[in-house]
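Notes follow the structure.
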Amino acid sequence: MVVRRERFIALRVNSGFTQESLAEAMGVDRSTVGRWERGGTTPQPWQMAKLCRLLRVERDELSTALRASPVTPSAGVAAGLSSQADRNQRPKGDTLPPGSAGATVGDATMPRMDGGVRVGCRTADGRIIFVTMPRQALAQGVSAISGVTRLSGLAVPEVQAQPPTPTLELHPVESLRSLRRSLVECDNVLGPREVVATAQEHIQLIQQLRRDAAGHDRQALLQVLAEYAEFCSWLHHDGGDHRAAQYWADRATDWASACGDHDLTAYITARKAQLAGDMKESVDAVDLADYAQRLARPGSRLSAMGAVYGAHGHALLGDELTAQHTFDRALALVAEPSEAPIGRGRWLDVAYVEAQRARSLSLLGRHHEAVAGFEQALRSLPPNFRRDRGVYLARSAISQVVASSPEQAAATGEAALAVAVTTGSARIFTELATLDGLLQRCRGATEVDRFRDALDSHLLHEV
């Protein structure tokens, strides 16, 4: 049974709000309103008074509406998953062009901002696509939904973290920054799906604190709010929800500019260039990277960060000469000792630049050099950067198909898959879907079949 708060939904509709407009009025994310309506979470005590004003109801009536009644899900809740009508309704970028061997960005188990869940699906012709399904359809363990067979190994985690109270010994800003650092470490090891809901709940808490703050305190909270928004953008980026990633990046830019943090603005702009590159929007990647370099202090780590993502944009455009020169410039900036503290982008090092160069070399068909670059980056990667290890392994495997052998590529892909399953990183799953397409012609080889069977165990199948 699906728990759905029909009376609460009726209050919203009768008051003239959509989920998005109510979320904006409340200062929360649209997915939060969706969870309230589905019975996944309940508004926090400090949110109830404002919610009553917006919906024009008394506190008791709102509390009654939030007591959900079980409703039988519609028989067609997931109907048309692989139908032509569903494909026509998906936003641009959701589906693969005919004959494509790769897959668009998605994740077998990553929650989306709109309340759905992205899942990988093996189509009848052997391709892998990523589709969005209602969370409840998967959470109930449905074994067969409208022509799609659910296989074992597809987990749908639900993070129900509540916003913590800041530690009393610290100023709220310092406490929240400490919490964010902990979430960043968790993301490095476990991937985005375990922390994204918690990070967004922290944003709600910061917004509430800002309403009661003034002067320097409110300005400091605005800065940490921008930092959290940038982090949420990254989590959704890695989780395959590019629309949500762009939304949070835009919010982060606005808040960073409003508080006058020029370094943070440059950092977010560079991250936007990275996102544009992953979305194959080459011109945007180059232009955003150039802007990030203009915003950054000359010779800084942030300037190098912009150069790295700009170089990949040039590679996407097929301009190898400019891409290589830009990578060289980034490498020189990173290798130079800095007199001032590094600050934002301290994780950017020689190994990271070479890993990004290797990715671009693979794109340009320089597969032997790409494999060597990834091997160097993997040797230098800190042990706790587990998700990044999976990304590098998956990208290296794609070049290994050409540079060495399909068998070696499959073995490397299997190692990357182990990381993808535990982190839910859409970037890894996307690279593995591309690898799977390249290995289709090599079916019958033991290593290749083992990798494809392992990948299949974490996908839905079209029947």
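Naming works like this for the structure tokens: A, B, ... for the chains as they're shown, residue 1 at the start of each chain, ligands 1 onward in shown order.
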**Request:** Just the residues within 10 Å of A:Leu62, please, counting only C-alpha atoms, with nothing from its chain fewer than 6 positions along; format it as a PyMOL selection string.
**Result:** chain A and resi 7-8+11+48-49+51-52+55-56
Okay, now the selection with N, CA and C atoms, as a PDB file, in the first residue's frame?
ATOM      1  N   ARG A   7      -5.633  14.592   1.627  1.00  0.00           N
ATOM      2  CA  ARG A   7      -6.246  15.803   2.167  1.00  0.00           C
ATOM      3  C   ARG A   7      -5.250  16.968   2.128  1.00  0.00           C
ATOM      4  N   PHE A   8      -3.992  16.676   2.371  1.00  0.00           N
ATOM      5  CA  PHE A   8      -2.957  17.718   2.287  1.00  0.00           C
ATOM      6  C   PHE A   8      -2.809  18.199   0.847  1.00  0.00           C
ATOM      7  N   LEU A  11      -5.607  20.527   0.056  1.00  0.00           N
ATOM      8  CA  LEU A  11      -5.386  21.861   0.626  1.00  0.00           C
ATOM      9  C   LEU A  11      -4.459  22.684  -0.279  1.00  0.00           C
ATOM     10  N   MET A  48       5.401  24.728  10.346  1.00  0.00           N
ATOM     11  CA  MET A  48       3.949  24.555  10.380  1.00  0.00           C
ATOM     12  C   MET A  48       3.194  25.889  10.351  1.00  0.00           C
ATOM     13  N   ALA A  49       3.685  26.894  11.092  1.00  0.00           N
ATOM     14  CA  ALA A  49       2.962  28.159  11.149  1.00  0.00           C
ATOM     15  C   ALA A  49       2.895  28.810   9.769  1.00  0.00           C
ATOM     16  N   LEU A  51       3.208  27.297   6.874  1.00  0.00           N
ATOM     17  CA  LEU A  51       2.402  26.444   6.009  1.00  0.00           C
ATOM     18  C   LEU A  51       0.915  26.701   6.244  1.00  0.00           C
ATOM     19  N   CYS A  52       0.535  26.907   7.496  1.00  0.00           N
ATOM     20  CA  CYS A  52      -0.870  27.227   7.804  1.00  0.00           C
ATOM     21  C   CYS A  52      -1.286  28.542   7.136  1.00  0.00           C
ATOM     22  N   LEU A  55      -1.638  27.993   3.283  1.00  0.00           N
ATOM     23  CA  LEU A  55      -2.783  27.157   2.909  1.00  0.00           C
ATOM     24  C   LEU A  55      -4.098  27.659   3.497  1.00  0.00           C
ATOM     25  N   ARG A  56      -3.987  28.716   4.340  1.00  0.00           N
ATOM     26  CA  ARG A  56      -5.164  29.359   4.940  1.00  0.00           C
ATOM     27  C   ARG A  56      -6.000  28.365   5.747  1.00  0.00           C
TER      28      ARG A  56
END
**Prompt:** Skipping near chain neighbours, those fewer than 6 positions away, what residues fall within 10 Å of A:Val28 using only C-alpha atoms, listed as a PyMOL selection string?
**Reply:** chain A and resi 20+22+200-201+203-205+207-208
**Asked** In stretch 124-361 of chain A, what's alpha helix (DSSP H) per DSSP? Answer as a VMD selection string?
**Response** chain A and resid 135 to 139 172 to 190 196 to 211 215 to 239 242 to 258 262 to 278 282 to 295 301 to 316 320 to 335 350 to 361
**Message:** List as a list of chain:residue names the protein and nucleic acid residues near A:Asp449, meaning an atom at most 12 Å away when only C-alpha atoms are counted, but skip any in the same chain fewer than 2 places from it.
**Reply:** A:Pro406, A:Glu407, A:Ala409, A:Ala410, A:Ala411, A:Gly413, A:Glu414, A:Asp436, A:Leu439, A:Gln440, A:Arg441, A:Cys442, A:Arg443, A:Gly444, A:Ala445, A:Thr446, A:Glu447, A:Phe451, A:Arg452, A:Asp453, A:Ala454, A:Leu455, A:Asp456
**Item:** Within 12 Å of A:Asp349 using only C-alpha atoms, minus same-chain residues under 6 positions, as a ChimeraX atom specification
**Value:** /A:301-302,304-305,308,330-337,342,355-356,377,380-382
**Message:** Report as an NGL selection string all protein, DNA and RNA residues lying within 6 Å of stretch 391-403 of chain A, evaluated on only C-alpha atoms, omitting residues in the same chain fewer than 3 positions from it.
**Reply:** :A and (367-368 or 371 or 374 or 388 or 406 or 409 or 412-413 or 416 or 428 or 431-432 or 435)
Output file for the selection above: C-alpha atoms, as a short mmCIF file (atom, residue, chain, number, x, y, z; two decimals), in the first residue's frame:
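So part-v1.cif came out as:
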data_model
loop_
_atom_site.label_atom_id
_atom_site.label_comp_id
_atom_site.auth_asym_id
_atom_site.auth_seq_id
_atom_site.Cartn_x
_atom_site.Cartn_y
_atom_site.Cartn_z
CA HIS A 367 43.43 5.46 -26.31
CA HIS A 368 46.93 4.17 -25.44
CA VAL A 371 45.06 4.29 -20.46
CA PHE A 374 44.33 6.80 -15.97
CA ASP A 388 36.50 8.70 -8.12
CA PRO A 406 38.25 -6.54 -24.58
CA ALA A 409 38.53 -3.88 -20.42
CA THR A 412 38.50 -3.30 -15.31
CA GLY A 413 34.81 -2.61 -15.89
CA ALA A 416 34.35 -0.20 -11.55
CA ILE A 428 30.18 5.37 -13.30
CA GLU A 431 30.60 4.98 -18.53
CA LEU A 432 29.85 1.28 -17.92
CA LEU A 435 31.62 0.03 -22.22
#
**Request:** For A:Asp287, work out the shell of residues within 12 Å, counting only C-alpha atoms and skipping chain neighbours fewer than 2 positions away, then give it as a list in words.
**Result:** Thr269, Ala270, Lys272, Ala273, Gln274, Ala276, Gly277, Glu281, Ser282, Val283, Asp284, Ala285, Ala289, Asp290, Tyr291, Ala292, Gln293, Arg294, Gly306, Ala307, Tyr309, Gly310, Ala311, His312, Gly313 and His314 of chain A
Keeping only N, CA and C atoms, write the selected residues to a file as an mmCIF file, in the first residue's frame.
data_model
loop_
_atom_site.group_PDB
_atom_site.id
_atom_site.type_symbol
_atom_site.label_atom_id
_atom_site.label_comp_id
_atom_site.auth_asym_id
_atom_site.auth_seq_id
_atom_site.Cartn_x
_atom_site.Cartn_y
_atom_site.Cartn_z
ATOM 1 N N THR A 269 31.342 28.575 -10.838
ATOM 2 C CA THR A 269 31.327 28.744 -12.293
ATOM 3 C C THR A 269 32.161 27.665 -12.971
ATOM 4 N N ALA A 270 33.314 27.332 -12.385
ATOM 5 C CA ALA A 270 34.123 26.239 -12.930
ATOM 6 C C ALA A 270 33.368 24.917 -12.863
ATOM 7 N N LYS A 272 30.170 24.602 -13.003
ATOM 8 C CA LYS A 272 29.162 24.655 -14.061
ATOM 9 C C LYS A 272 29.776 24.248 -15.401
ATOM 10 N N ALA A 273 31.022 24.645 -15.615
ATOM 11 C CA ALA A 273 31.705 24.238 -16.849
ATOM 12 C C ALA A 273 31.893 22.727 -16.882
ATOM 13 N N GLN A 274 32.219 22.135 -15.734
ATOM 14 C CA GLN A 274 32.357 20.681 -15.662
ATOM 15 C C GLN A 274 31.022 20.002 -15.976
ATOM 16 N N ALA A 276 28.530 21.214 -17.728
ATOM 17 C CA ALA A 276 28.238 21.392 -19.160
ATOM 18 C C ALA A 276 29.022 20.387 -19.993
ATOM 19 N N GLY A 277 30.265 20.124 -19.635
ATOM 20 C CA GLY A 277 31.063 19.134 -20.355
ATOM 21 C C GLY A 277 30.473 17.745 -20.248
ATOM 22 N N GLU A 281 27.680 19.668 -23.695
ATOM 23 C CA GLU A 281 27.426 21.022 -24.176
ATOM 24 C C GLU A 281 28.773 21.728 -24.263
ATOM 25 N N SER A 282 29.490 21.479 -25.359
ATOM 26 C CA SER A 282 30.886 21.864 -25.483
ATOM 27 C C SER A 282 31.103 23.371 -25.445
ATOM 28 N N VAL A 283 30.294 24.121 -26.156
ATOM 29 C CA VAL A 283 30.478 25.574 -26.204
ATOM 30 C C VAL A 283 30.244 26.186 -24.834
ATOM 31 N N ASP A 284 29.187 25.731 -24.142
ATOM 32 C CA ASP A 284 28.935 26.227 -22.787
ATOM 33 C C ASP A 284 30.103 25.883 -21.859
ATOM 34 N N ALA A 285 30.649 24.690 -22.018
ATOM 35 C CA ALA A 285 31.776 24.288 -21.177
ATOM 36 C C ALA A 285 32.958 25.233 -21.367
ATOM 37 N N ALA A 289 34.076 28.003 -18.541
ATOM 38 C CA ALA A 289 35.440 27.835 -18.036
ATOM 39 C C ALA A 289 36.248 29.115 -18.217
ATOM 40 N N ASP A 290 36.095 29.767 -19.357
ATOM 41 C CA ASP A 290 36.785 31.040 -19.580
ATOM 42 C C ASP A 290 36.344 32.090 -18.561
ATOM 43 N N TYR A 291 35.050 32.126 -18.286
ATOM 44 C CA TYR A 291 34.536 33.092 -17.310
ATOM 45 C C TYR A 291 35.074 32.787 -15.913
ATOM 46 N N ALA A 292 35.134 31.509 -15.565
ATOM 47 C CA ALA A 292 35.667 31.126 -14.257
ATOM 48 C C ALA A 292 37.114 31.589 -14.110
ATOM 49 N N GLN A 293 37.893 31.481 -15.187
ATOM 50 C CA GLN A 293 39.286 31.921 -15.137
ATOM 51 C C GLN A 293 39.393 33.431 -15.014
ATOM 52 N N ARG A 294 38.455 34.159 -15.601
ATOM 53 C CA ARG A 294 38.465 35.622 -15.442
ATOM 54 C C ARG A 294 38.085 36.029 -14.025
ATOM 55 N N GLY A 306 39.342 26.119 -13.743
ATOM 56 C CA GLY A 306 38.641 26.553 -14.942
ATOM 57 C C GLY A 306 39.324 26.068 -16.200
ATOM 58 N N ALA A 307 40.660 26.080 -16.203
ATOM 59 C CA ALA A 307 41.405 25.631 -17.388
ATOM 60 C C ALA A 307 41.162 24.153 -17.673
ATOM 61 N N TYR A 309 38.491 22.251 -17.053
ATOM 62 C CA TYR A 309 37.179 21.977 -17.644
ATOM 63 C C TYR A 309 37.030 22.659 -19.001
ATOM 64 N N GLY A 310 37.746 23.768 -19.194
ATOM 65 C CA GLY A 310 37.761 24.369 -20.514
ATOM 66 C C GLY A 310 38.482 23.498 -21.529
ATOM 67 N N ALA A 311 39.561 22.864 -21.080
ATOM 68 C CA ALA A 311 40.311 21.970 -21.965
ATOM 69 C C ALA A 311 39.430 20.822 -22.442
ATOM 70 N N HIS A 312 38.617 20.269 -21.536
ATOM 71 C CA HIS A 312 37.732 19.185 -21.952
ATOM 72 C C HIS A 312 36.687 19.690 -22.949
ATOM 73 N N GLY A 313 36.225 20.929 -22.748
ATOM 74 C CA GLY A 313 35.292 21.505 -23.713
ATOM 75 C C GLY A 313 35.905 21.607 -25.097
ATOM 76 N N HIS A 314 37.178 21.987 -25.165
ATOM 77 C CA HIS A 314 37.860 22.049 -26.466
ATOM 78 C C HIS A 314 38.001 20.647 -27.072
#
**Asked** From the set A:Trp248, A:His325, A:Asp263, A:Ile129, which residue has the shortest atom-to-atom contact distance to A:Pro298, counting only C-alpha atoms?
**Response**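 Among the listed residues, A:Asp263 lies closest to A:Pro298.
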